[in-house]
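The structure appears right after this line, and notes come after that.
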Amino acid sequence: MALQANNLFFKYKAASEYLIKDFSIKIEAGEVLALIGPSGYGKSTIGKLLAGQVKACSGQLLVDGKTLPKKGIKPVQLIYQHPELSINPRWKMQQVLEEVGEVDWELCRLLGIKDLFLDRWPQELSGGELQRFNVYRVLKVKPKYIIADEISTMLDVITQAQIWKVILSYAKSNKIGILAITHNRNLAKAISDRQVELG
């Protein structure tokens, strides 16, 4: 059981050169793997490729030995670095929570989602507050794998530790594999079972 990419190549249509060349990686179920690298090395693009958000020019992507399904809740969920990309600006935060089913108030409490947030619009919350909602929605659907793309860069150190503690605990109890994309080596070592470096 693994999320596995074999020999992925990717370039944007207007580009003359490949951004991602012959990239392979394997994330076992229940494993936390950190992908480390500086800006400009295609880490976020790799995350989108693994989650099926963009399609590789060539190569193979398998989830537990099968290709990604085209319908239904995706088994690989991506948490973006910029949380506003995942939230409908025309919904209040209560509706954002309810989009993925009946609200799990205990998970909300663990993630620090406060009742006073629920009647607000996304633009009335900080990036860190919005990110808690994105983490909630991904954990709530219990995917097989999570791609976490620099998800805590806009959080203070205490909140960062709190959020990762919840994610790691939830992932361990549900056998969810995680790819943690980061440029922070200290964070990578603290949260992951192993690390892979780009560049």
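Following the order of the structure tokens, first chain is A, next is B, and so on, with residues numbered from 1 inside each chain and ligands from 1 in the order they appear.
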Each residue of region 45-143 of chain A lying at most 8 Å from region 172-196 of chain A should get a row with its shortest atom-to-atom pair and the distance in Å to one decimal, counting only C-alpha atoms; could you produce that, ordered by chain and increasing number, as CSV?
residue,atom,partner,partner_atom,distance
A:Gly47,CA,A:Ile181,CA,7.7
A:Lys142,CA,A:Asn174,CA,7.4
A:Pro143,CA,A:Ile176,CA,6.8
Quiz prompt | All residues 7 Å or closer to Gln4 (chain A), only C-alpha atoms, same chain fewer than 4 positions away omitted, as a list of chain:residue names | solution = A:Ile25, A:Lys26, A:Ile27, A:Leu61, A:Leu62, A:Val63
Save the residues we just selected, all heavy atoms, as a compact mmCIF listing (two decimals), in the first residue's frame?
# COMPACT_ATOMS: atom_id res chain seq x y z
N ILE A 25 9.05 8.78 -6.49
CA ILE A 25 8.95 8.81 -5.03
C ILE A 25 7.93 7.76 -4.59
O ILE A 25 7.03 7.40 -5.36
CB ILE A 25 8.54 10.21 -4.51
CG1 ILE A 25 8.90 10.40 -3.04
CG2 ILE A 25 7.05 10.48 -4.77
CD1 ILE A 25 8.81 11.85 -2.58
N LYS A 26 8.08 7.28 -3.37
CA LYS A 26 7.14 6.30 -2.83
C LYS A 26 6.83 6.65 -1.38
O LYS A 26 7.75 6.79 -0.56
CB LYS A 26 7.73 4.88 -2.92
CG LYS A 26 6.76 3.78 -2.50
CD LYS A 26 7.41 2.41 -2.70
CE LYS A 26 6.44 1.28 -2.37
NZ LYS A 26 7.07 -0.05 -2.57
N ILE A 27 5.55 6.80 -1.06
CA ILE A 27 5.10 7.11 0.30
C ILE A 27 4.24 5.95 0.78
O ILE A 27 3.18 5.68 0.21
CB ILE A 27 4.29 8.42 0.35
CG1 ILE A 27 5.12 9.58 -0.24
CG2 ILE A 27 3.86 8.75 1.76
CD1 ILE A 27 4.35 10.47 -1.14
N LEU A 61 1.64 7.35 -12.06
CA LEU A 61 1.22 7.69 -10.70
C LEU A 61 0.21 6.64 -10.24
O LEU A 61 -0.82 6.45 -10.89
CB LEU A 61 0.60 9.08 -10.65
CG LEU A 61 0.05 9.54 -9.30
CD1 LEU A 61 1.16 9.62 -8.26
CD2 LEU A 61 -0.66 10.88 -9.44
N LEU A 62 0.51 5.98 -9.13
CA LEU A 62 -0.34 4.91 -8.63
C LEU A 62 -0.67 5.13 -7.16
O LEU A 62 0.19 5.52 -6.37
CB LEU A 62 0.34 3.55 -8.78
CG LEU A 62 0.66 3.09 -10.21
CD1 LEU A 62 1.50 1.81 -10.17
CD2 LEU A 62 -0.60 2.87 -11.02
N VAL A 63 -1.92 4.86 -6.80
CA VAL A 63 -2.36 4.90 -5.41
C VAL A 63 -2.76 3.48 -5.02
O VAL A 63 -3.74 2.94 -5.55
CB VAL A 63 -3.56 5.85 -5.22
CG1 VAL A 63 -3.97 5.89 -3.75
CG2 VAL A 63 -3.21 7.24 -5.70
For region 160-170 of chain A, work out the shell of residues within 7 Å, counting only C-alpha atoms and skipping chain neighbours fewer than 4 positions away, then give it as an mmCIF file with N, CA, C and O atoms, in the first residue's frame.
data_model
loop_
_atom_site.group_PDB
_atom_site.id
_atom_site.type_symbol
_atom_site.label_atom_id
_atom_site.label_comp_id
_atom_site.auth_asym_id
_atom_site.auth_seq_id
_atom_site.Cartn_x
_atom_site.Cartn_y
_atom_site.Cartn_z
ATOM 1 N N LEU A 110 -9.604 20.457 18.639
ATOM 2 C CA LEU A 110 -8.187 20.093 18.597
ATOM 3 C C LEU A 110 -7.396 21.020 17.675
ATOM 4 O O LEU A 110 -6.236 21.349 17.946
ATOM 5 N N LEU A 111 -8.029 21.445 16.582
ATOM 6 C CA LEU A 111 -7.351 22.300 15.608
ATOM 7 C C LEU A 111 -7.435 23.786 15.958
ATOM 8 O O LEU A 111 -6.863 24.612 15.255
ATOM 9 N N SER A 152 2.413 25.171 7.184
ATOM 10 C CA SER A 152 2.520 25.898 8.452
ATOM 11 C C SER A 152 3.459 27.092 8.382
ATOM 12 O O SER A 152 3.833 27.653 9.407
ATOM 13 N N LEU A 155 2.189 30.205 10.180
ATOM 14 C CA LEU A 155 1.775 30.017 11.571
ATOM 15 C C LEU A 155 2.939 30.288 12.517
ATOM 16 O O LEU A 155 4.101 30.029 12.189
ATOM 17 N N ASP A 156 2.624 30.785 13.706
ATOM 18 C CA ASP A 156 3.676 30.939 14.710
ATOM 19 C C ASP A 156 4.105 29.546 15.192
ATOM 20 O O ASP A 156 3.438 28.537 14.935
ATOM 21 N N ASN A 174 -5.325 6.522 11.555
ATOM 22 C CA ASN A 174 -6.077 6.145 10.359
ATOM 23 C C ASN A 174 -5.190 5.610 9.233
ATOM 24 O O ASN A 174 -5.663 5.442 8.105
#
Quiz item: Looking at only C-alpha atoms, which of A:Gln95, A:Asn6, A:Gln53, A:Asn134 is the one that sits closest to Val76 (chain A)?
Solution: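 With only C-alpha atoms as the atom set, the closest residue is A:Gln53.
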Enumerate, in order of chain and increasing residue number, the residues of region 117-198 of chain A with an atom no farther than 8 Å from region 82-88 of chain A, each with its shortest atom pair and distance in Å to one decimal, counting only C-alpha atoms, as CSV.
residue,atom,partner,partner_atom,distance
A:Pro122,CA,A:Ile87,CA,7.4
A:Gly127,CA,A:Pro83,CA,6.5
A:Leu130,CA,A:Pro83,CA,6.0
A:Gln131,CA,A:Pro83,CA,5.2
A:Asn134,CA,A:Pro83,CA,6.6
A:Ile151,CA,A:His82,CA,7.7
Export, as a PDB file, in the first residue's frame, the selected residues with N, CA, C and O atoms.
ATOM      1  N   PRO A 122     -14.476  34.265   4.813  1.00  0.00           N
ATOM      2  CA  PRO A 122     -13.047  33.910   4.752  1.00  0.00           C
ATOM      3  C   PRO A 122     -12.115  35.117   4.837  1.00  0.00           C
ATOM      4  O   PRO A 122     -11.069  35.052   5.499  1.00  0.00           O
ATOM      5  N   GLY A 127      -4.655  34.143   7.554  1.00  0.00           N
ATOM      6  CA  GLY A 127      -4.226  32.961   6.815  1.00  0.00           C
ATOM      7  C   GLY A 127      -4.089  31.741   7.709  1.00  0.00           C
ATOM      8  O   GLY A 127      -4.467  30.628   7.332  1.00  0.00           O
ATOM      9  N   LEU A 130      -7.564  30.422   8.558  1.00  0.00           N
ATOM     10  CA  LEU A 130      -8.131  29.714   7.407  1.00  0.00           C
ATOM     11  C   LEU A 130      -7.484  28.335   7.231  1.00  0.00           C
ATOM     12  O   LEU A 130      -8.164  27.374   6.880  1.00  0.00           O
ATOM     13  N   GLN A 131      -6.180  28.264   7.485  1.00  0.00           N
ATOM     14  CA  GLN A 131      -5.487  26.992   7.288  1.00  0.00           C
ATOM     15  C   GLN A 131      -6.022  25.913   8.211  1.00  0.00           C
ATOM     16  O   GLN A 131      -6.063  24.729   7.846  1.00  0.00           O
ATOM     17  N   ASN A 134      -8.838  24.293   6.416  1.00  0.00           N
ATOM     18  CA  ASN A 134      -8.395  23.408   5.340  1.00  0.00           C
ATOM     19  C   ASN A 134      -7.883  22.080   5.886  1.00  0.00           C
ATOM     20  O   ASN A 134      -8.155  21.021   5.322  1.00  0.00           O
ATOM     21  N   ILE A 151       2.410  23.903   4.722  1.00  0.00           N
ATOM     22  CA  ILE A 151       1.123  24.308   5.298  1.00  0.00           C
ATOM     23  C   ILE A 151       1.247  25.165   6.549  1.00  0.00           C
ATOM     24  O   ILE A 151       0.283  25.821   6.937  1.00  0.00           O
TER      25      ILE A 151
END
